[in-house]
file entry36.cif (mmCIF, C-alpha atoms and all ligand atoms)
data_final
loop_
_atom_site.label_atom_id
_atom_site.label_comp_id
_atom_site.auth_asym_id
_atom_site.auth_seq_id
_atom_site.Cartn_x
_atom_site.Cartn_y
_atom_site.Cartn_z
CA MET A 53 -58.89 11.54 21.12
CA GLY A 54 -58.46 14.30 18.46
CA ASP A 55 -55.53 12.45 16.89
CA GLN A 56 -57.26 9.07 16.84
CA LEU A 57 -56.76 7.47 13.41
CA SER A 58 -59.34 5.26 11.75
CA GLU A 59 -57.38 2.59 9.87
CA PRO A 60 -57.35 2.97 6.07
CA ARG A 61 -57.14 -0.08 3.80
CA LEU A 62 -54.75 1.63 1.41
CA VAL A 63 -52.69 4.83 1.64
CA LEU A 64 -51.35 6.15 -1.67
CA VAL A 65 -48.75 8.83 -0.97
CA PHE A 66 -48.16 11.05 -4.01
CA SER A 67 -45.27 13.40 -4.62
CA GLY A 68 -43.99 15.37 -7.59
CA LYS A 69 -42.53 18.69 -8.59
CA ARG A 70 -44.54 21.88 -8.84
CA LYS A 71 -47.01 21.69 -11.75
CA SER A 72 -46.27 18.03 -12.39
CA GLY A 73 -50.01 17.48 -11.92
CA LYS A 74 -50.33 15.98 -8.42
CA ASP A 75 -53.74 17.56 -7.85
CA TYR A 76 -54.94 16.67 -11.34
CA VAL A 77 -53.93 13.02 -11.04
CA THR A 78 -55.20 12.55 -7.50
CA HIS A 79 -58.56 14.11 -8.43
CA LEU A 80 -58.81 11.68 -11.32
CA ILE A 81 -58.26 8.78 -8.90
CA GLN A 82 -60.94 10.10 -6.58
CA GLU A 83 -63.31 10.51 -9.52
CA ARG A 84 -62.73 6.92 -10.59
CA LEU A 85 -63.20 5.50 -7.07
CA GLY A 86 -65.84 7.88 -5.75
CA PRO A 87 -65.69 10.17 -2.72
CA ASP A 88 -67.28 7.64 -0.37
CA VAL A 89 -64.43 5.23 -0.99
CA CYS A 90 -61.51 7.61 -1.51
CA CYS A 91 -60.51 10.85 0.17
CA ILE A 92 -57.77 13.24 -0.88
CA LEU A 93 -55.59 14.40 2.01
CA ARG A 94 -53.31 17.38 1.48
CA LEU A 95 -50.49 17.87 3.94
CA SER A 96 -50.43 21.52 2.86
CA GLY A 97 -54.15 21.89 3.76
CA PRO A 98 -53.78 22.51 7.50
CA LEU A 99 -50.57 24.46 6.84
CA LYS A 100 -52.30 26.85 4.41
CA GLN A 101 -55.33 27.12 6.67
CA GLN A 102 -53.27 28.24 9.65
CA TYR A 103 -50.98 30.43 7.52
CA ALA A 104 -53.96 32.17 5.84
CA GLN A 105 -55.54 32.85 9.21
CA GLU A 106 -52.36 34.30 10.73
CA HIS A 107 -51.63 36.44 7.66
CA ASN A 108 -55.21 37.35 6.75
CA LEU A 109 -55.01 35.75 3.28
CA ASN A 110 -57.54 34.12 0.96
CA LEU A 111 -57.49 30.39 1.80
CA ASP A 112 -59.37 29.27 -1.34
CA GLN A 113 -56.77 30.99 -3.52
CA LEU A 114 -53.91 29.51 -1.49
CA LEU A 115 -55.43 26.06 -2.02
CA GLY A 116 -56.06 26.55 -5.76
CA PRO A 117 -53.75 26.01 -8.75
CA GLY A 118 -53.36 29.69 -9.72
CA PRO A 119 -50.49 32.16 -9.24
CA TYR A 120 -51.78 33.65 -5.94
CA LYS A 121 -50.13 31.04 -3.71
CA GLU A 122 -46.77 31.45 -5.46
CA GLN A 123 -46.31 34.93 -3.94
CA TYR A 124 -46.40 33.32 -0.50
CA ARG A 125 -44.76 29.96 -1.20
CA ALA A 126 -41.25 30.75 0.07
CA ASP A 127 -42.58 32.23 3.28
CA MET A 128 -45.12 29.38 3.76
CA ILE A 129 -42.28 26.88 3.39
CA CYS A 130 -40.26 28.64 6.14
CA TRP A 131 -43.35 28.94 8.30
CA GLY A 132 -44.14 25.23 7.92
CA GLU A 133 -40.53 24.17 8.46
CA THR A 134 -40.46 25.86 11.85
CA ARG A 135 -43.29 23.56 12.92
CA ARG A 136 -41.89 20.50 11.16
CA CYS A 137 -38.53 20.96 12.92
CA GLN A 138 -40.26 20.67 16.28
CA ASP A 139 -42.51 17.81 15.13
CA PRO A 140 -42.02 16.22 11.66
CA GLY A 141 -45.44 14.50 11.83
CA PHE A 142 -47.33 17.68 12.70
CA PHE A 143 -49.07 18.24 9.34
CA CYS A 144 -49.46 14.52 8.63
CA ARG A 145 -51.45 14.12 11.84
CA LEU A 146 -53.62 17.14 11.13
CA ALA A 147 -54.27 16.16 7.51
CA THR A 148 -55.35 12.62 8.40
CA ARG A 149 -57.53 13.59 11.34
CA GLY A 150 -61.10 12.43 10.81
CA ALA A 151 -60.44 10.67 7.48
CA SER A 152 -62.87 7.76 7.39
CA GLN A 153 -62.79 6.41 3.82
CA PRO A 154 -60.98 3.12 3.22
CA ILE A 155 -58.66 4.60 0.57
CA TRP A 156 -56.51 7.61 1.41
CA VAL A 157 -54.79 9.55 -1.34
CA VAL A 158 -52.18 11.91 0.08
CA SER A 159 -51.56 14.38 -2.73
CA ASP A 160 -48.43 16.26 -1.68
CA ALA A 161 -45.62 14.51 0.17
CA ARG A 162 -42.44 16.58 -0.15
CA ARG A 163 -39.99 15.31 2.44
CA LEU A 164 -38.68 11.92 3.45
CA SER A 165 -40.16 12.58 6.90
CA ASP A 166 -43.66 12.76 5.31
CA LEU A 167 -43.29 9.32 3.78
CA GLN A 168 -41.64 7.93 6.91
CA TRP A 169 -44.62 9.03 8.96
CA PHE A 170 -47.05 7.07 6.75
CA TRP A 171 -44.72 4.06 6.52
CA SER A 172 -44.45 3.96 10.30
CA LYS A 173 -48.17 4.44 11.03
CA PHE A 174 -49.48 2.28 8.17
CA PRO A 175 -46.65 -0.07 7.16
CA GLN A 176 -48.90 -2.60 5.43
CA GLN A 177 -51.06 -0.09 3.59
CA THR A 178 -48.71 2.66 2.39
CA LEU A 179 -47.51 2.83 -1.21
CA SER A 180 -45.64 5.71 -2.82
CA VAL A 181 -46.44 7.25 -6.20
CA ARG A 182 -44.37 9.84 -8.09
CA VAL A 183 -45.97 12.11 -10.68
CA GLN A 184 -43.48 13.39 -13.23
CA SER A 185 -43.56 15.85 -16.12
CA THR A 186 -40.85 17.58 -18.10
CA GLU A 187 -39.81 21.13 -17.25
CA LYS A 188 -41.24 22.23 -20.62
CA THR A 189 -44.67 20.84 -19.78
CA ARG A 190 -44.54 22.28 -16.27
CA GLU A 191 -43.69 25.68 -17.75
CA GLN A 192 -46.72 25.43 -20.02
CA ARG A 193 -48.77 24.90 -16.85
CA GLY A 194 -47.34 28.07 -15.28
CA TRP A 195 -44.15 26.91 -13.56
CA ARG A 196 -41.11 29.23 -13.46
CA PHE A 197 -37.90 28.23 -11.68
CA THR A 198 -37.66 30.08 -8.37
CA ALA A 199 -34.39 29.98 -6.44
CA GLY A 200 -34.93 29.08 -2.79
CA VAL A 201 -38.02 27.03 -3.72
CA ASP A 202 -37.19 24.74 -6.64
CA ASP A 203 -33.71 23.98 -5.30
CA ALA A 204 -34.84 23.48 -1.68
CA GLU A 205 -36.09 20.48 0.30
CA SER A 206 -39.74 21.33 -0.35
CA GLU A 207 -39.20 20.49 -4.05
CA CYS A 208 -36.14 18.21 -3.94
CA GLY A 209 -36.57 16.24 -0.69
CA LEU A 210 -37.76 13.11 -2.53
CA ASP A 211 -35.66 13.43 -5.68
CA SER A 212 -33.32 10.52 -5.00
CA SER A 213 -34.03 9.02 -1.58
CA VAL A 214 -37.00 6.81 -2.47
CA GLU A 215 -37.78 3.93 -4.79
CA PHE A 216 -41.35 4.74 -5.66
CA ASP A 217 -43.87 1.95 -6.01
CA TRP A 218 -45.23 3.63 -9.16
CA ILE A 219 -44.16 6.50 -11.39
CA ILE A 220 -46.87 8.25 -13.42
CA THR A 221 -45.76 10.30 -16.42
CA ASN A 222 -48.21 13.15 -16.84
CA GLU A 223 -47.47 14.16 -20.43
CA ALA A 224 -49.61 14.46 -23.54
CA ASP A 225 -47.45 11.91 -25.40
CA ALA A 226 -47.34 9.35 -22.56
CA PRO A 227 -49.87 6.51 -22.24
CA SER A 228 -53.20 7.88 -20.98
CA LEU A 229 -53.50 8.53 -17.26
CA ASP A 230 -56.28 5.96 -17.03
CA GLU A 231 -53.98 3.36 -18.55
CA GLN A 232 -51.08 4.24 -16.23
CA LEU A 233 -53.33 4.37 -13.18
CA GLN A 234 -54.99 1.05 -13.92
CA PRO A 235 -52.88 -1.10 -11.52
CA ILE A 236 -53.37 1.46 -8.75
CA LEU A 237 -57.13 1.64 -9.35
CA THR A 238 -57.40 -2.16 -9.43
CA LEU A 239 -55.56 -2.44 -6.11
CA ALA A 240 -57.66 0.34 -4.60
CA LYS A 241 -60.92 -1.30 -5.71
CA GLU A 242 -59.81 -4.62 -4.18
CA ALA A 243 -58.87 -2.84 -0.95
CA ALA A 244 -62.21 -1.04 -0.86
CA ARG A 245 -64.07 -4.33 -1.44
CA SER A 246 -62.21 -5.94 1.45
CA ALA A 247 -63.37 -3.06 3.67
CA ASP A 248 -66.99 -3.99 2.83
CA LEU A 249 -66.59 -7.62 3.87
N1 LIG B 301 -52.99 15.76 -17.75
C1 LIG B 301 -53.42 17.02 -17.68
N2 LIG B 301 -54.30 17.50 -18.58
C2 LIG B 301 -54.74 18.77 -18.54
N3 LIG B 301 -54.36 19.67 -17.60
C3 LIG B 301 -53.47 19.27 -16.67
C4 LIG B 301 -52.97 17.93 -16.65
N4 LIG B 301 -52.13 17.82 -15.61
C5 LIG B 301 -52.13 19.01 -14.98
N5 LIG B 301 -52.93 19.89 -15.61
C6 LIG B 301 -53.17 21.30 -15.24
O1 LIG B 301 -51.91 21.89 -14.93
C7 LIG B 301 -52.01 22.74 -13.79
C8 LIG B 301 -51.07 22.21 -12.69
O2 LIG B 301 -51.54 20.94 -12.28
P1 LIG B 301 -51.72 20.59 -10.73
O3 LIG B 301 -52.31 21.74 -10.00
O4 LIG B 301 -52.42 19.28 -10.66
O5 LIG B 301 -50.17 20.40 -10.36
P2 LIG B 301 -49.53 20.25 -8.94
O6 LIG B 301 -48.39 19.28 -9.09
O7 LIG B 301 -50.59 19.92 -7.94
O8 LIG B 301 -48.94 21.72 -8.78
P3 LIG B 301 -48.53 22.61 -7.53
O9 LIG B 301 -48.06 21.70 -6.44
O10 LIG B 301 -47.46 23.46 -8.10
O11 LIG B 301 -49.76 23.35 -7.18
C9 LIG B 301 -53.48 22.73 -13.35
O12 LIG B 301 -54.14 23.84 -13.91
C10 LIG B 301 -54.01 21.43 -13.96
O13 LIG B 301 -55.38 21.48 -14.24
C1 LIG B 302 -45.82 25.54 1.85
C2 LIG B 302 -46.16 24.31 1.03
O1 LIG B 302 -46.95 23.42 1.80
C3 LIG B 302 -46.96 24.75 -0.20
C4 LIG B 302 -47.58 23.62 -1.00
O2 LIG B 302 -48.42 24.10 -1.99
P1 LIG B 302 -48.91 23.22 -3.20
O3 LIG B 302 -49.08 21.79 -2.74
O4 LIG B 302 -47.86 23.29 -4.28
O5 LIG B 302 -50.21 23.85 -3.61
C5 LIG B 302 -44.89 23.59 0.61
C6 LIG B 302 -44.13 22.97 1.75
O6 LIG B 302 -44.72 22.57 2.79
O7 LIG B 302 -42.91 22.87 1.63
#

call {"tool": "encode", "arguments": {"input": "entry36.cif", "output": "C-alpha cells"}}
result
Amino acid sequence: MGDQLSEPRLVLVFSGKRKSGKDYVTHLIQERLGPDVCCILRLSGPLKQQYAQEHNLNLDQLLGPGPYKEQYRADMICWGETRRCQDPGFFCRLATRGASQPIWVVSDARRLSDLQWFWSKFPQQTLSVRVQSTEKTREQRGWRFTAGVDDAESECGLDSSVEFDWIITNEADAPSLDEQLQPILTLAKEAARSADL
C-alpha cells in the first residue's frame, strides 16, 4: 500500500554534474508549470533525511545548495550505495511515494539504475534531460574537484551510457533557459491538459 504509485502523465528525469544547475533548472520548470501540476522529486531527499537522522545533522542544510553538505558527501554516497546495492530502486520508490501531480520532475538521477527504474515503471512517460555547464562555470558556483566524488559513479554514472532526450546548457552565453526549455514545457503542458480530460 505504502509503495502504491499514482500514474504520472510525464516523468522528466534530470541529471548533471555537481553545480551544473539541476536544482535551478528544475525549479524554473516547476515555476512555469505551477506546483499543482508539477512536483520536484529528489532521489537524494529520502537518503539525506535518513542520513541526517542517523548522524544528527541539519537536514535543511544537507538539502540546500551551500557548502555544508559537501563535508558529508563522500560518506553519504557510501551510505546510500550500501542500500542501493541491496535494492537499486530503494530511493526511487521512496522519492516517488505519494506524488500525485501529473508531471514529475526528478531532479537528480546519478546512476543508470536510477533511469532504468523510471524506464521500467513508466516506459511511456519517462524522458531524460541532461543539464550541462563548463567546469569554469561550475567553479564559479562553488564546485571544486574532489577525488572519490567527481571521479566516482555518483558523478560519472551517466556520462556516456545514455542518449538523453534533451540537453540543457546552463551557461550565461547559451540561449536563455526559457528558450531551451520551451519544447519540454510545451510537452508538459499538453500532458497536464490530457490529465484534466
Ligand atoms: N542559470 C543560473 N543563473 C543563476 N544562478 C544559477 C544558475 N544556475 C545555477 N545557479 C546557482 O548555482 C548554484 C548551483 O546550482 P544548483 O544548486 O541548481 O546546482 P546542482 O546541479 O543542483 O548542484 P549540486 O547537485 O552540486 O547541489 C546555486 O546557488 C544556483 O542558484
Ligand atoms: C549522497 C548523494 O545523494 C548527494 C546528492 O546531493 P545533491 O543532489 O548534489 O544535493 C549523492 C549520491 O547518492 O550519490

call {"tool": "closest_atom_pairs", "arguments": {"input": "entry36.cif", "of": "chain A", "to": "ligand LIG 302 (chain B)", "cutoff": "8 Å", "atoms": "only C-alpha atoms and all ligand atoms", "output": "tab-separated table"}}
result
residue	atom	partner	partner_atom	distance
A:Arg70	CA	B:LIG302	O4	5.8
A:Lys71	CA	B:LIG302	O4	7.7
A:Arg94	CA	B:LIG302	O3	7.4
A:Leu95	CA	B:LIG302	O1	6.9
A:Ser96	CA	B:LIG302	O1	4.1
A:Gly97	CA	B:LIG302	O1	7.6
A:Leu99	CA	B:LIG302	O1	6.3
A:Lys100	CA	B:LIG302	O1	6.9
A:Leu114	CA	B:LIG302	O5	7.1
A:Leu115	CA	B:LIG302	O5	5.9
A:Gly116	CA	B:LIG302	O5	6.8
A:Pro117	CA	B:LIG302	O5	6.6
A:Lys121	CA	B:LIG302	O5	7.2
A:Arg125	CA	B:LIG302	C1	5.5
A:Ala126	CA	B:LIG302	C1	7.2
A:Asp127	CA	B:LIG302	C1	7.6
A:Met128	CA	B:LIG302	C1	4.3
A:Ile129	CA	B:LIG302	C1	4.1
A:Cys130	CA	B:LIG302	C1	7.7
A:Trp131	CA	B:LIG302	C1	7.7
A:Gly132	CA	B:LIG302	O6	5.8
A:Glu133	CA	B:LIG302	O6	7.2
A:Ser159	CA	B:LIG302	O3	7.8
A:Asp160	CA	B:LIG302	O3	5.7
A:Arg162	CA	B:LIG302	O7	6.6
A:Glu205	CA	B:LIG302	O7	7.3
A:Ser206	CA	B:LIG302	O7	4.0
A:Glu207	CA	B:LIG302	O7	7.2

call {"tool": "residues_near_ligand", "arguments": {"input": "entry36.cif", "ligand": "ligand LIG 301 (chain B)", "cutoff": "7 Å", "atoms": "only C-alpha atoms and all ligand atoms", "output": "number ranges by chain"}}
result
A: 68-77, 117, 193, 222-224

call {"tool": "residues_around", "arguments": {"input": "entry36.cif", "residues": "Ser180 (chain A)", "least_positions_apart": "4", "cutoff": "10 Å", "atoms": "all atoms listed in the file", "output": "ChimeraX atom specification"}}
result
/A:63-67,158,161,167,170-171,214-219

call {"tool": "atom_distance", "arguments": {"input": "entry36.cif", "atom1": "CA of Pro140 (chain A)", "atom2": "CA of Pro98 (chain A)"}}
result
14.0 Å

call {"tool": "residues_near_point", "arguments": {"input": "entry36.cif", "point": "(-43.3, 11.1, 13.5)", "cutoff": "8 Å", "atoms": "all atoms listed in the file", "output": "list in words"}}
result
Asp139, Pro140, Gly141, Phe142, Ser165, Gln168, Trp169 and Ser172 of chain A

call {"tool": "atom_distance", "arguments": {"input": "entry36.cif", "atom1": "CA of Ala240 (chain A)", "atom2": "CA of Cys90 (chain A)"}}
result
8.8 Å

call {"tool": "closest_residue", "arguments": {"input": "entry36.cif", "among": "A:Gln177, A:Gln102, A:Gln82, A:Gln138", "to": "Val157 (chain A)", "atoms": "all atoms listed in the file"}}
result
A:Gln82

call {"tool": "closest_residue", "arguments": {"input": "entry36.cif", "among": "A:Asn110, A:Leu80, A:Gln123, A:Ala243", "to": "Gln176 (chain A)", "atoms": "only C-alpha atoms"}}
result
A:Ala243

call {"tool": "atom_distance", "arguments": {"input": "entry36.cif", "atom1": "CA of Gly86 (chain A)", "atom2": "CA of Ser246 (chain A)"}}
result
16.0 Å

call {"tool": "residues_around", "arguments": {"input": "entry36.cif", "residues": "Leu164 (chain A)", "least_positions_apart": "6", "cutoff": "9 Å", "atoms": "only C-alpha atoms", "output": "CSV table (one decimal) with C-alpha atoms, keeping the file's coordinate frame"}}
result
chain,number,residue,atom,x,y,z
A,209,GLY,CA,-36.6,16.2,-0.7
A,210,LEU,CA,-37.8,13.1,-2.5
A,213,SER,CA,-34.0,9.0,-1.6
A,214,VAL,CA,-37.0,6.8,-2.5

call {"tool": "residues_around", "arguments": {"input": "entry36.cif", "residues": "Lys241 (chain A)", "least_positions_apart": "6", "cutoff": "12 Å", "atoms": "only C-alpha atoms", "output": "PyMOL selection string"}}
result
chain A and resi 61-62+81-82+84-86+89-90+154-155+234-235+247-248
